[in-house]
Amino acid sequence: MAAPESGDGNNGAARMVTLISSDNTRFEVEAAAASLSQTLQLTILDGGGGGGDGIPLPNVDSATLSKVLEYCIKHAPAAANGGAPNATAVDRAELERFDNEFVNIDQSVLYSLIMAAHNLEIEGLQSLVAKKVADMIKGKSPMEIRRTLGFPDPTPEEQAEMNAHMLEYGWAYE
Amino acid sequence: MASNAPNIVFRRLFKTLTVSPALASGLTGQLHQLQQHAHVSGTAKGKAKLKSGQPLKRSSISKKGTPSSGGGGGGRGRREAIERITQISDSCLNAPTPLRHLSPKERLREAKREELGLISKERQRELDMAKAKAKAKSRGTSGDDGGRVLMGPPGLDYISLGLVDEEAIPKYELTVEDGRRLAKEYSRVLMRQHRARQTAESTLLKLKKEAIAALPEKLQAAALVPDMTPFPANRYMATRHQLKDILKRSAVAGSAMAHETPPSLPDLQAQDGGGVMTLPLPQDAVYEILLRLSAKDICRLRAVCRPWRSLLSDPQFIAAHVAHHPRPPLVVAGYHTAYREDGVLFDIVDLSGDVVRRVRAVGDEWVTSVNLNFVCTAKGASSNIRLFNMTTGAVFALPQGLSKEHADDERDILDYTSVSAFGQVASTGEYKVLRILDSASFDNPEQLCEVFTLDGSDRARWRGKKAPPDPVSMSRWKSVVVSGIVYFFGQDSPLAELCSFDLEREEWRRGLPGPNYQQLRTNELSMAAVNDSLVIVHRYLTSYMDLWFLMDFEKGLWVRKHSIRAQLRGYSSTIRPLLVLSDGRIILVQVANDSGSLKIYNPRTTTFTDVADMGLCFAVGLYSGSPLNLTNCQII
């Protein structure tokens with residue numbers, strides 16, 4: 001998929017656009033998939049991204065972009081159907097399985113994905129990663145969360161604050 | 001905070017005990033002695049030996065050698081010689097031992113007597129011998145040492161070593177009285193110290209108990225196991241390097257929460273080492289994540305770090321969170337602190353029975369009603385009303401005393417019992433409090449009616465209004481506020497007509513006939529506000545209940561919307577319905593003489609589910625806000 005060729009063929013049904021990552025790798029995808037991004041949608045509708053020029057994305061590196069496009073390509077058909085009202089249960093289950101698999105990734109990748117989803121404004125991906133992070137946080141103690149997020153060990157003062165909070169809000173710790 | 005008071009006491013004690021440094025070393029021995037005799041009981045040991053009738057001698061520690069034994073002059077007569085010989089032989093026969101053996105108790109007693117200025121002959125001799133020895137020793141070093149006081153152990157004289165200024169040593173002249181007084185005073189000091197320590201200890205214990213009680217049950221068990229580990233092994237001293245690191249990190253975390261501008265990406269990835277994710281995310285993304293978490297999770301997250309706490313306590317965030325997570329309101333159970341050992345004034349409980357917030361009060365105070373996210377309490381007397389805003393934590397004490405209109409004929413407010421009702425005028429949004437004062441005496445049968453408007457000004461005062469047309473019931477569960485109207489049962493015939501007071505127009509409305517009362521076998525009636533309607537709860541047979549909703553005041557139209565057909569234990573208990581959920585389940589509180597329990601009635605299965613035991617409730621109500629909204633205020 002990471003084909004660095006410059007496609008000038010918008011012939012056929014699928015119109016292709018070229019996206020250029022921060023490290024100058026070129027990605028060619030269907031316009032429908034790229035249009036999942038609110039940021040890109042307008043540019044694409046304007047007819048940009050075709051031909052040899054491509055759309056530069058200085059905020060997204062190639063590894064992240066390939067991941068993002070993987071999501072877009074998978075979700076593009078369902079999105080084209082307008083929220084997939086007539087999608088079969090099998091399709092939906094398949095998408096769900098894909099989503100679960102998709103976010104089952106290293107934290108640093110997940111982090112860049114959040115940033116990319118945010119910059120490119122891909123709604124579905126945004127909520128998908130948000131859900132993933134929320135699941136990571138859910139049910140954890142403040143200490144575990146600090147570790148998960150790589151915070152330094154709390155100072156004694158902070159520790160005291162945390163303990164006080166736990167005493168005060170016992171209901172939240174059950 | 002509570003430990004401050006004992007601290008101050010200790011400090012004061014130390015103050016009384018502090019002596020000038022020059023004296024300190026010399027005095028320690030004396031202090032020690034004092035400690036020994038002046039027992040905490042206050043009775044100086046050996047006191048009985050002092051005969052009360054005798055005049056008290058002023059005696060001082062004699063400093064000079066033995067008084068001269070007279071004689072020496074005159075001729076050397078035979079008689080004298082004989083006398084001298086007998087004297088010598090006598091002294092030889094009765095010679096005291098140079099070393100006296102004393103039991104520790106005797107020694108102690110002697111020391112005390114000496115302290116009081118009573119020195120026995122033997123002791124005097126001992127002292128003289130010691131002095132003579134010291135004199136002989138220090139003869140070469142210092143010329144003048146006639147009446148010098150010895151300080152310190154023999155051979156290590158503090159004065160000659162220059163450690164103690166001789167001039168600064170006070171000269172004590174003590175009478176027995178002085179000694180007794182000193183003993184008493186010191187015993188008092190000790191007693192005070194002892195009491196202070198005891199109170200400090202009991203406060204600590206109490207605090208600990210409370211802290212453990214506040215813990216969830218699972219943690220409680222763990223907290224009760226004493227922690228015997230000597231020292232936290234993972235504690236470290238913060239080095240400068242670490243501090244810098246922490247500051248940097250918290251600044252990063254803080255900026256992510258506080259600023260909307262997303263930090264630039266390459267920067268972040270440089271920091272992002274070892275696969276751990278730091279969280280400098282754009283605020284939208286953070287919001288997106290946080291809004292997916294439950295209130296419980298959010299509450300815990302507040303403890304993670306300070307920037308998170310401020311973000312998660314932000315009213316805007318809470319509002320957004322509530323919109324994402326619609327949930328039934330919380331139940332407020334109001335108590336009387338005099339009936340509770342823990343001083344809890346009210347609990348806010350969620351429908352799974354967890355106590356989300358517990359507020360205590362100092363002194364006698366009880367909750368009279370809960371309405372519109374306010375808790376209305378009475379402190380000390382039923383007419384002394386306080387309002388507690390559950391959302392902001394603000395407490396507002398309404399003025400005491402009667403209104404100007406009612407103060408004329410010298411009536412004392414303490415002669416009255418009072419019921420109060422707190423409501424909001426729909427059209428203006430003003431909050432008002434209505435109180436009915438009842439003297440319950442035959443001379444003065446009229447009830448007084450007063451209104452107070454909370455307009456935020458300090459000029460606000462109680463304003464006397466017309467008395468209710470018929471005396472209204474002063475009981476706890478017999479009045480309620482629904483959308484700016486206060487409803488009361490009548491005092492004499494609860495069913496004949498309901499009295500109601502319009503908070504907006506501040507006047508009594510005409511009587512409202514109760515629901516079809518021929519049919520009501522009047523076992524028990526109580527009022528409630530359920531889903532913004534006035535409801536009369538009619539309980540009959542053992543525990544069947546009908547909930548009559550007032551549909552139209554003008555027409556006097558009542559509809560029996562819900563009927564509860566399930567046995568409830570406790571015949572004499574009061575049922576206070578709070579809310580009918582959209583699925584038809586009814587949240588209610590059953591209050592018996594000494595207990596209260598939160599229940600949910602399911603009409604489909606006609607069963608009650610017990611949610612929580614709440615103890616003796618004095619008032620119950622709802623809190624419609626989010627648990628995240630609840631203020632930190634724990635004591636009012």
# chains A, B, ... in the order shown; residues from 1 in each chain; ligands from 1
$ interface_residues --of "chain A" --to "chain B" --cutoff "8 Å" --atoms "only C-alpha atoms" --output "MDAnalysis selection string"
chainID A and resid 59 106:108 111 114:115 118 126:127 130:131 133:134 137:143 145:146 148:152 155:156 158 161:162 165:174
$ residues_around --residues "segment 19-26 of chain A" --least-positions-apart "6" --cutoff "6 Å" --atoms "only C-alpha atoms" --output "list of chain:residue names"
A:Pro4, A:Gly54, A:Ile55, A:Pro56, A:Leu57, A:Pro58, A:Val60, A:Asp61, A:Ser62
$ write_last_selection --atoms "C-alpha atoms" --output "CSV table (one decimal), in the first residue's frame"
chain,number,residue,atom,x,y,z
A,4,PRO,CA,5.5,5.7,-3.6
A,54,GLY,CA,-0.4,15.3,-3.7
A,55,ILE,CA,-1.5,16.6,-0.3
A,56,PRO,CA,1.3,17.2,2.2
A,57,LEU,CA,0.6,16.1,5.8
A,58,PRO,CA,3.5,17.6,7.8
A,60,VAL,CA,1.8,12.7,10.3
A,61,ASP,CA,4.7,10.4,9.8
A,62,SER,CA,4.5,7.5,7.4
$ select_by_dssp --residues "segment 394-488 of chain B" --states "strand (DSSP E)" --output "VMD selection string"
chain B and resid 395 to 397 417 to 424 431 to 438 448 to 454 463 to 465 479 to 482 485 to 488
$ write_last_selection --atoms "C-alpha atoms" --output "compact mmCIF listing (two decimals), in the first residue's frame"
# COMPACT_ATOMS: atom_id res chain seq x y z
CA VAL B 395 -23.89 27.36 54.38
CA PHE B 396 -26.33 30.13 55.07
CA ALA B 397 -27.70 30.73 58.54
CA THR B 417 -41.69 24.89 67.83
CA SER B 418 -41.24 25.50 64.18
CA VAL B 419 -41.60 23.79 60.82
CA SER B 420 -39.89 25.26 57.83
CA ALA B 421 -40.16 24.80 54.12
CA PHE B 422 -37.70 25.86 51.45
CA GLY B 423 -38.82 26.52 47.91
CA GLN B 424 -38.26 28.47 44.75
CA TYR B 431 -35.55 31.18 46.92
CA LYS B 432 -37.77 31.60 49.93
CA VAL B 433 -38.16 29.97 53.29
CA LEU B 434 -41.49 29.70 55.04
CA ARG B 435 -41.71 28.86 58.70
CA ILE B 436 -44.69 28.21 60.90
CA LEU B 437 -44.20 28.78 64.61
CA ASP B 438 -46.48 27.09 67.08
CA LEU B 448 -47.22 32.48 63.43
CA CYS B 449 -46.25 32.50 59.79
CA GLU B 450 -43.06 34.11 58.55
CA VAL B 451 -41.32 34.32 55.21
CA PHE B 452 -37.69 34.93 54.38
CA THR B 453 -36.38 35.75 50.92
CA LEU B 454 -32.83 34.79 50.04
CA ARG B 463 -41.34 39.01 57.47
CA GLY B 464 -44.50 38.22 59.39
CA LYS B 465 -47.44 37.02 57.34
CA SER B 479 -45.74 19.08 54.79
CA VAL B 480 -43.98 19.38 51.48
CA VAL B 481 -43.00 21.96 48.85
CA VAL B 482 -43.93 21.46 45.23
CA ILE B 485 -46.31 25.98 46.89
CA VAL B 486 -46.00 24.70 50.45
CA TYR B 487 -48.62 22.12 51.36
CA PHE B 488 -49.61 21.17 54.89
$ atom_distance --atom1 "atom CA of Ala33 of chain A" --atom2 "atom CA of Ala93 of chain A"
20.1 Å
$ select_by_dssp --residues "segment 12-163 of chain A" --states "alpha helix (DSSP H)" --output "PyMOL selection string"
chain A and resi 31-34+38-45+62-80+89-102+107-120+123-137+142-148+156-163
$ residues_around --residues "Gly584 of chain B" --least-positions-apart "4" --cutoff "10 Å" --atoms "only C-alpha atoms" --output "list in words"
His562, Leu579, Val580, Tyr601, Asn602, Pro603 and Arg604 of chain B
$ residues_around --residues "Ala117 of chain A" --least-positions-apart "5" --cutoff "9 Å" --atoms "only C-alpha atoms" --output "PyMOL selection string"
chain A and resi 37+68+112+122-126+129
$ write_last_selection --atoms "all heavy atoms" --output "compact mmCIF listing (two decimals), in the first residue's frame"
# COMPACT_ATOMS: atom_id res chain seq x y z
N SER A 37 -11.55 11.80 6.45
CA SER A 37 -10.95 12.90 7.21
C SER A 37 -11.63 14.20 6.82
O SER A 37 -11.65 14.58 5.65
CB SER A 37 -9.45 12.96 6.90
OG SER A 37 -8.99 14.28 7.11
N VAL A 68 -3.42 4.85 9.73
CA VAL A 68 -4.66 5.62 9.57
C VAL A 68 -5.37 5.20 8.30
O VAL A 68 -6.59 4.99 8.27
CB VAL A 68 -4.36 7.13 9.55
CG1 VAL A 68 -5.57 7.93 9.11
CG2 VAL A 68 -3.88 7.60 10.92
N SER A 112 0.36 8.31 18.71
CA SER A 112 0.47 9.03 17.43
C SER A 112 -0.84 8.94 16.66
O SER A 112 -1.22 9.87 15.93
CB SER A 112 1.60 8.48 16.56
OG SER A 112 2.39 7.60 17.27
N ILE A 122 -10.77 12.54 11.81
CA ILE A 122 -11.49 11.34 11.39
C ILE A 122 -12.34 10.90 12.56
O ILE A 122 -11.84 10.36 13.55
CB ILE A 122 -10.51 10.23 10.98
CG1 ILE A 122 -9.55 10.78 9.91
CG2 ILE A 122 -11.25 9.01 10.48
CD1 ILE A 122 -8.38 9.88 9.63
N GLU A 123 -13.64 11.17 12.44
CA GLU A 123 -14.52 11.04 13.60
C GLU A 123 -14.51 9.64 14.19
O GLU A 123 -14.34 9.44 15.39
CB GLU A 123 -15.93 11.42 13.19
CG GLU A 123 -16.66 12.20 14.27
CD GLU A 123 -17.95 12.78 13.71
OE1 GLU A 123 -17.92 13.87 13.10
OE2 GLU A 123 -18.98 12.10 13.87
N GLY A 124 -14.71 8.66 13.31
CA GLY A 124 -14.80 7.28 13.78
C GLY A 124 -13.52 6.86 14.48
O GLY A 124 -13.57 6.25 15.55
N LEU A 125 -12.40 7.23 13.90
CA LEU A 125 -11.12 6.84 14.47
C LEU A 125 -10.90 7.55 15.80
O LEU A 125 -10.39 6.97 16.76
CB LEU A 125 -9.98 7.18 13.49
CG LEU A 125 -8.59 6.69 13.90
CD1 LEU A 125 -8.58 5.19 14.10
CD2 LEU A 125 -7.56 7.10 12.86
N GLN A 126 -11.32 8.81 15.85
CA GLN A 126 -11.19 9.56 17.10
C GLN A 126 -11.92 8.85 18.23
O GLN A 126 -11.37 8.65 19.31
CB GLN A 126 -11.77 10.97 16.93
CG GLN A 126 -10.76 11.99 16.46
CD GLN A 126 -11.39 13.34 16.23
OE1 GLN A 126 -12.45 13.43 15.61
NE2 GLN A 126 -10.75 14.38 16.69
N VAL A 129 -10.17 5.44 19.17
CA VAL A 129 -8.98 5.52 20.03
C VAL A 129 -9.33 6.06 21.41
O VAL A 129 -8.76 5.63 22.41
CB VAL A 129 -7.84 6.34 19.37
CG1 VAL A 129 -7.23 5.58 18.23
CG2 VAL A 129 -8.33 7.70 18.94
$ residues_around --residues "Gly47 of chain A" --least-positions-apart "3" --cutoff "12 Å" --atoms "only C-alpha atoms" --output "VMD selection string"
chain A and resid 10 15 to 18 31 35 40 to 44 50 to 51 53 to 55
$ atom_distance --atom1 "atom CA of Asp594 of chain B" --atom2 "atom CA of Cys617 of chain B"
8.3 Å
$ residues_around --residues "Val537 of chain B" --least-positions-apart "6" --cutoff "7 Å" --atoms "only C-alpha atoms" --output "ChimeraX atom specification"
/B:525-527,545-548
$ write_last_selection --atoms "all heavy atoms" --output "PDB file, in the first residue's frame"
ATOM      1  N   LEU B 525     -51.415   8.684  56.610  1.00  0.00           N
ATOM      2  CA  LEU B 525     -51.286   9.557  55.451  1.00  0.00           C
ATOM      3  C   LEU B 525     -49.987  10.336  55.595  1.00  0.00           C
ATOM      4  O   LEU B 525     -49.635  10.770  56.677  1.00  0.00           O
ATOM      5  CB  LEU B 525     -52.447  10.545  55.413  1.00  0.00           C
ATOM      6  CG  LEU B 525     -53.803   9.989  55.058  1.00  0.00           C
ATOM      7  CD1 LEU B 525     -54.860  11.054  55.260  1.00  0.00           C
ATOM      8  CD2 LEU B 525     -53.813   9.521  53.611  1.00  0.00           C
ATOM      9  N   SER B 526     -49.300  10.466  54.509  1.00  0.00           N
ATOM     10  CA  SER B 526     -48.156  11.369  54.542  1.00  0.00           C
ATOM     11  C   SER B 526     -48.055  12.050  53.184  1.00  0.00           C
ATOM     12  O   SER B 526     -48.695  11.643  52.222  1.00  0.00           O
ATOM     13  CB  SER B 526     -46.866  10.609  54.875  1.00  0.00           C
ATOM     14  OG  SER B 526     -46.623   9.634  53.905  1.00  0.00           O
ATOM     15  N   MET B 527     -47.264  13.091  53.147  1.00  0.00           N
ATOM     16  CA  MET B 527     -47.129  13.859  51.899  1.00  0.00           C
ATOM     17  C   MET B 527     -45.761  13.638  51.310  1.00  0.00           C
ATOM     18  O   MET B 527     -44.800  13.364  52.026  1.00  0.00           O
ATOM     19  CB  MET B 527     -47.252  15.338  52.218  1.00  0.00           C
ATOM     20  CG  MET B 527     -48.636  15.860  52.185  1.00  0.00           C
ATOM     21  SD  MET B 527     -48.499  17.644  52.287  1.00  0.00           S
ATOM     22  CE  MET B 527     -50.141  18.038  52.786  1.00  0.00           C
ATOM     23  N   MET B 545     -50.104   0.476  49.797  1.00  0.00           N
ATOM     24  CA  MET B 545     -49.978   1.913  49.681  1.00  0.00           C
ATOM     25  C   MET B 545     -50.538   2.398  48.367  1.00  0.00           C
ATOM     26  O   MET B 545     -50.359   1.760  47.331  1.00  0.00           O
ATOM     27  CB  MET B 545     -48.498   2.293  49.705  1.00  0.00           C
ATOM     28  CG  MET B 545     -48.056   2.857  51.004  1.00  0.00           C
ATOM     29  SD  MET B 545     -46.312   3.025  50.960  1.00  0.00           S
ATOM     30  CE  MET B 545     -45.825   1.351  50.793  1.00  0.00           C
ATOM     31  N   ASP B 546     -51.213   3.536  48.441  1.00  0.00           N
ATOM     32  CA  ASP B 546     -51.643   4.200  47.214  1.00  0.00           C
ATOM     33  C   ASP B 546     -50.956   5.547  47.151  1.00  0.00           C
ATOM     34  O   ASP B 546     -50.836   6.235  48.168  1.00  0.00           O
ATOM     35  CB  ASP B 546     -53.152   4.403  47.230  1.00  0.00           C
ATOM     36  CG  ASP B 546     -53.888   3.083  47.029  1.00  0.00           C
ATOM     37  OD1 ASP B 546     -53.289   2.184  46.406  1.00  0.00           O
ATOM     38  OD2 ASP B 546     -55.023   2.964  47.509  1.00  0.00           O
ATOM     39  N   LEU B 547     -50.522   5.896  45.966  1.00  0.00           N
ATOM     40  CA  LEU B 547     -49.929   7.216  45.778  1.00  0.00           C
ATOM     41  C   LEU B 547     -50.923   8.054  44.975  1.00  0.00           C
ATOM     42  O   LEU B 547     -51.187   7.774  43.811  1.00  0.00           O
ATOM     43  CB  LEU B 547     -48.594   7.126  45.038  1.00  0.00           C
ATOM     44  CG  LEU B 547     -47.533   6.184  45.607  1.00  0.00           C
ATOM     45  CD1 LEU B 547     -46.222   6.362  44.860  1.00  0.00           C
ATOM     46  CD2 LEU B 547     -47.315   6.444  47.081  1.00  0.00           C
ATOM     47  N   TRP B 548     -51.470   9.056  45.636  1.00  0.00           N
ATOM     48  CA  TRP B 548     -52.429   9.950  44.976  1.00  0.00           C
ATOM     49  C   TRP B 548     -51.698  11.186  44.500  1.00  0.00           C
ATOM     50  O   TRP B 548     -51.097  11.909  45.293  1.00  0.00           O
ATOM     51  CB  TRP B 548     -53.536  10.339  45.964  1.00  0.00           C
ATOM     52  CG  TRP B 548     -54.415   9.194  46.358  1.00  0.00           C
ATOM     53  CD1 TRP B 548     -54.198   8.286  47.326  1.00  0.00           C
ATOM     54  CD2 TRP B 548     -55.675   8.868  45.768  1.00  0.00           C
ATOM     55  NE1 TRP B 548     -55.229   7.390  47.402  1.00  0.00           N
ATOM     56  CE2 TRP B 548     -56.162   7.719  46.449  1.00  0.00           C
ATOM     57  CE3 TRP B 548     -56.438   9.413  44.738  1.00  0.00           C
ATOM     58  CZ2 TRP B 548     -57.377   7.115  46.122  1.00  0.00           C
ATOM     59  CZ3 TRP B 548     -57.658   8.828  44.423  1.00  0.00           C
ATOM     60  CH2 TRP B 548     -58.104   7.673  45.108  1.00  0.00           C
TER      61      TRP B 548
END
$ closest_residue --among "A:Leu69, A:Ala160, A:Ala89, A:Leu95" --to "Phe27 of chain A" --atoms "only C-alpha atoms"
A:Leu69
$ atom_distance --atom1 "atom CA of Lys404 of chain B" --atom2 "atom CA of Ala460 of chain B"
12.0 Å
